[in-house]
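Trainee: Below: one structure in structure tokens.
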Number of protein chains: 2
Amino acid sequence: VQAFAEASRAIVGASHVLGAAEDRARYEVDFWRQHGGTAALVLCPGTTAEVAAIVALAAAHGVALVPQAGNTGLVAGGIPDGSGREAILSLRRLDRIRRIDPAGDYLIAEAGCILETVQNAAGEAGRMFPLTLGAEGSCRIGGNVATNAGGNNVLRYGMTRNLVLGLEVVLADGSVLDLLRRLHKDNTGYDLKQLFIGSEGTLGIVTAAVLRLVAMPRERVTFWLAVGSLDDAVHLFAQLRNAFGDLISACELISSPGVELALERLPGLRRPVSEPHPWHLLVEVAWTFDSGLRERVEAELERQFAEGRCLDGAVADNEAQRRMMWRVREGQTEAAMQIGDVVRSDVAVAVGDIPTLVTRVFDRLPTLAPFATLLPFGHVGDGNLHMNFAVPRNTPSEVKLRLLDGLFEEVDRLGGSISAEHGVGRLKRDAIAARKSPAAMTLMHRLKDTLDPAGLLNPGVVLTPRRPFLDPD
Amino acid sequence: VQAFAEASRAIVGASHVLGAAEDRARYEVDFWRQHGGTAALVLCPGTTAEVAAIVALAAAHGVALVPQAGNTGLVAGGIPDGSGREAILSLRRLDRIRRIDPAGDYLIAEAGCILETVQNAAGEAGRMFPLTLGAEGSCRIGGNVATNAGGNNVLRYGMTRNLVLGLEVVLADGSVLDLLRRLHKDNTGYDLKQLFIGSEGTLGIVTAAVLRLVAMPRERVTFWLAVGSLDDAVHLFAQLRNAFGDLISACELISSPGVELALERLPGLRRPVSEPHPWHLLVEVAWTFDSGLRERVEAELERQFAEGRCLDGAVADNEAQRRMMWRVREGQTEAAMQIGDVVRSDVAVAVGDIPTLVTRVFDRLPTLAPFATLLPFGHVGDGNLHMNFAVPRNTPSEVKLRLLDGLFEEVDRLGGSISAEHGVGRLKRDAIAARKSPAAMTLMHRLKDTLDPAGLLNPGVVLTPRRPFLDPD
């Protein structure tokens, strides 16, 4: 690796090759401090050309690269393997918005742009970039693309995949694949960019993306509903979907323990409705008109109250109230981490199967881990639920794995996904390999071999390397 | 091929192996009778298992297969090469809707289902399948997926790619890749289905798809606007987009000659506005509420009239008027074909570049082909325009190619696409190869080699075969 480090300095400048342990540290552990691994060094190129040169150099020296953007992932997909022989390739310095064309409904952002920066740039141009998720203040576009990030607005605008018009990718041999098309329609052959979206840096390194913008909504109505059961929550969502169609940008489910925990632990939060209820929906609808939507929401809620399915509700009167509602939703994990550990998950089933999944997992809880509390919440409209477990501090990792295994078994029984949006990383690699068909696994390996024959791009992420590794020089 | 034919009969039954010229004829020429090629035989399997067995058999015998669904393609992507050695694999008999789950927002359709049948099935279940295009009465889902079909509602709902949740694919070796997930979110590894969407049957054969359904709009407002210039048309679209956002499901541009031709030639058509104007927009907005949208449309149109950008307009009062407006839009090509030939195209540029493109091509017309009339129309909101040319009957094909070459040059100058939705097929294969970067072409060939190493799936479509063909036995 010494020769590689030397040559790297000539490419990116000595100050952008971090070798000392204290300089590497923040890149070697993820944002949540849940996963870590030592790297040989951290490289911080500043341009696509520098990324390309580094990748070519790594190929020549047989050094494995771990691409990393915001480092907010939850599945250890941007964390080195701990052998101390990999190099982290940080894309943080590629942080320019190269172009914004509001009339053409697109902008071009480099991989190191923070998501919030992109949202703001779109907003200033009178458009909206609709990807929104908890980590938006620190996650970066390269990671969003590489993991096909989801978030709160998927119901209306789709995953990151649906928001990418074009990509710039550095391939494993160091060549640059320029797919930076700004066209909304282009059927000229295989859509190569699809290969790289969601491939977690294992098939190529995304350096820039053409992102699709949408019309900016002028009126947004955020409301909180309390219901007595999960069946009612799912049914209420179906009714709202019927009434509002794709004006619904978010529909989040929150459990009673999640709400109570957030209210108890986080300062300044107020209960959105007057008393506790078993389940809650946080819903957001929006349109481009100035007014009239709130009246329609209130009329619909009257109907739902009259039918008895909705027990209580509140419509946010202002941005402060809206933020409060979202803070209760977002804050429950943070609150749970104040009193213990949280075993996170990210599963999906058909929307109608959500009550069955939660009931089955809840029923198994006593035998899986008696001290665990189920804190399900998430994007009910997509069938994507974060079935999290609050457990006492220092719960042994066998117990945590047992909880996840039990959950995954129930997800499997319902034909669901054990990773709806977080991705595979290192964490779920084996769990996924055990679930995919041999035909699918074979094809995934063949794609990896085709795009990265030496296996130097994020090895061990998504797929188990099929070849033994040689020591890099 | 004789041994192959023999063995095929054992798989699909003798009556589903068509060897006689008169039986093959309708499969050997496309719907528009523009492209044709002789095949050795036509195979009509009735199940996925039969497709798989046929593909395995073809692999063993070295017989090339041309998959075909509705045969409505415009680029000769489902037509044999004319060597008489290929076999057409028709998917028409795979025409079941396997399942429909309105609450889960999906249905599972086999490749041979006619698009209209799928639309109707969704509608009967109270949902909508939003893909809609001129050929919907005869095109089939397998072809829609294989070509990533676009159509009139792309602005709001995306291309076919955005509407596919899962796929069932027969691979080149005859194995079945079951990716029939009904989940709206699933980030468990490479999204393999993306490979096959838009690959025109060259990487695998789609036998079924899980299709995404959306909420059914209850109020739809269709209106026709007349404007004085293309700049005004593009500007008016931007204003409407601002006002209505993603409630706009279609925004179609139609030229004056296109309107006049349709009115003159097609029986029963009436001019939507009182007098001729240079350019027209046909716009459709829709929402899930029962009423109130028409008033909003009328208020917005008042504003646009007042600003002088919109010269005349009409809102459809009923379904008959709506159909009339669409008939004028759809009928212009049919009308043009009554008096001569039509050179079709399907290009895309950034929306703001549409006026430049049309002006430049119009200016070049006298030198390209003095007797040609430019009939541009299409999906202005996506930047996707069908820049068609009406030419006298029996215009030599050199002249037709010259027109297309001239058009493509202007598209290239603006960084556009020469195939926004129709695909590549055999027709645009060389034109595309000349335009893509070497890196992109290499990667396309490597994907082809990975998925179809013997080159027996639709050879010569999308890509030029890199190996010489051996005679099949």
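By order of appearance in the structure tokens: chains A, B, ..., then residues from 1 within every chain, and ligands from 1 in the order shown.
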Output the contact residues of chain A with respect to chain B at a cut-off of 6 Å, based on only C-alpha atoms, as a list in words.
Mentor: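 Here is what falls inside 6 Å: Gly104, His184, Lys185, Asp186, Asn187, Thr188, Tyr190, Ser199, Ala215, Ala243, Phe244, Gly245, Thr288, Ala350, Val351, Asp382, Ser417, Ser419, Ala420, Glu421, Gly423 and Val424 of chain A.
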Trainee: As a list of chain:residue names, please: the residues near Arg265 in chain B (cut-off 7 Å, only C-alpha atoms, same-chain neighbours under 3 positions excluded).
Mentor: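 With the cut-off at 7 Å, the set is B:Leu261, B:Ala262, B:Ala335.
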Trainee: Restrict the selected residues to all heavy atoms and save them as a short mmCIF file (atom, residue, chain, number, x, y, z; two decimals), in the first residue's frame.
Mentor:
```cif
data_model
loop_
_atom_site.label_atom_id
_atom_site.label_comp_id
_atom_site.auth_asym_id
_atom_site.auth_seq_id
_atom_site.Cartn_x
_atom_site.Cartn_y
_atom_site.Cartn_z
N LEU B 261 -54.65 18.70 -41.85
CA LEU B 261 -54.64 17.41 -42.55
C LEU B 261 -55.66 16.46 -41.94
O LEU B 261 -56.44 15.80 -42.64
CB LEU B 261 -53.23 16.82 -42.41
CG LEU B 261 -52.72 15.85 -43.45
CD1 LEU B 261 -52.85 16.42 -44.84
CD2 LEU B 261 -51.24 15.55 -43.15
N ALA B 262 -55.68 16.39 -40.61
CA ALA B 262 -56.63 15.49 -39.94
C ALA B 262 -58.06 15.92 -40.24
O ALA B 262 -58.93 15.09 -40.56
CB ALA B 262 -56.36 15.48 -38.44
N ALA B 335 -53.95 10.42 -41.46
CA ALA B 335 -54.38 11.31 -42.55
C ALA B 335 -53.25 11.52 -43.55
O ALA B 335 -53.46 11.46 -44.77
CB ALA B 335 -54.85 12.65 -41.97
#
```
Trainee: Using DSSP on the backbone, list every residue of range 2-174 of chain A that comes out as helix (DSSP H, G or I), and give them as a PyMOL selection string.
Mentor: chain A and resi 2-12+14-16+21-28+48-61+115-124+141-146+154-157+160-163
Trainee: Can you tell me which residues surround Asp95 in chain A at a distance of at most 7 Å, considering only C-alpha atoms, apart from same-chain residues fewer than 6 positions away, and format the answer as a PyMOL selection string?
Mentor: chain A and resi 110-113
Trainee: Generate a file of the selected residues that holds C-alpha atoms, formatted as a JSON list (two decimals), in the first residue's frame.
Mentor:
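Contents of part14.json, as written:
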```json
[["chain", "number", "residue", "atom", "x", "y", "z"],
["A", 110, "GLU", "CA", -21.75, 16.07, -7.75],
["A", 111, "ALA", "CA", -21.64, 13.03, -5.48],
["A", 112, "GLY", "CA", -20.43, 14.98, -2.46],
["A", 113, "CYS", "CA", -23.34, 17.46, -2.42]]
```
Trainee: Among the residues of range 380-435 of chain B, find those DSSP assigns to strand (DSSP E or B) from the backbone and print them as a PyMOL selection string.
Mentor: chain B and resi 384-392+417
Trainee: Could you please determine the separation between CA of Phe223 in chain A and CA of Pro272 in chain A in Å, to one decimal place?
Mentor: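 These atoms are spaced 9.1 Å apart.
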Trainee: Could you list, as number ranges by chain, every residue within 9 Å of Val283 in chain B, counting only C-alpha atoms and ignoring same-chain residues fewer than 4 positions away?
Mentor: B: 221-225, 248-253
Trainee: Find the residues around range 315-319 of chain B up to 12 Å (only C-alpha atoms counted), leave out those fewer than 4 positions away in its own chain, and share them as a PyMOL selection string.
Mentor: chain B and resi 219-226+272-273+281-285+293-299+301+323-327
Trainee: Using only C-alpha atoms, which residues sit within 10 Å of Pro376 in chain B once same-chain residues fewer than 4 positions away are excluded, as an NGL selection string?
Mentor: :B and (253-258 or 344-346 or 358 or 385-389)
Trainee: Neighbours of Ala76 in chain B within 9 Å (only C-alpha atoms; same-chain residues fewer than 4 positions away dropped), as a list in words?
Mentor: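 Returned residues: Val29, Asp30, Gln34, His35, Gly36, Asn71, Pro80, Val424, Gly425, Arg426, Leu427 and Val461 of chain B.
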Trainee: Taking only C-alpha atoms into account, name the residue in A:Gly13, A:Val66, A:Leu365, A:Leu91 that is nearest to Asn458 in chain A.
Mentor: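 With only C-alpha atoms as the atom set, the closest residue is A:Val66.
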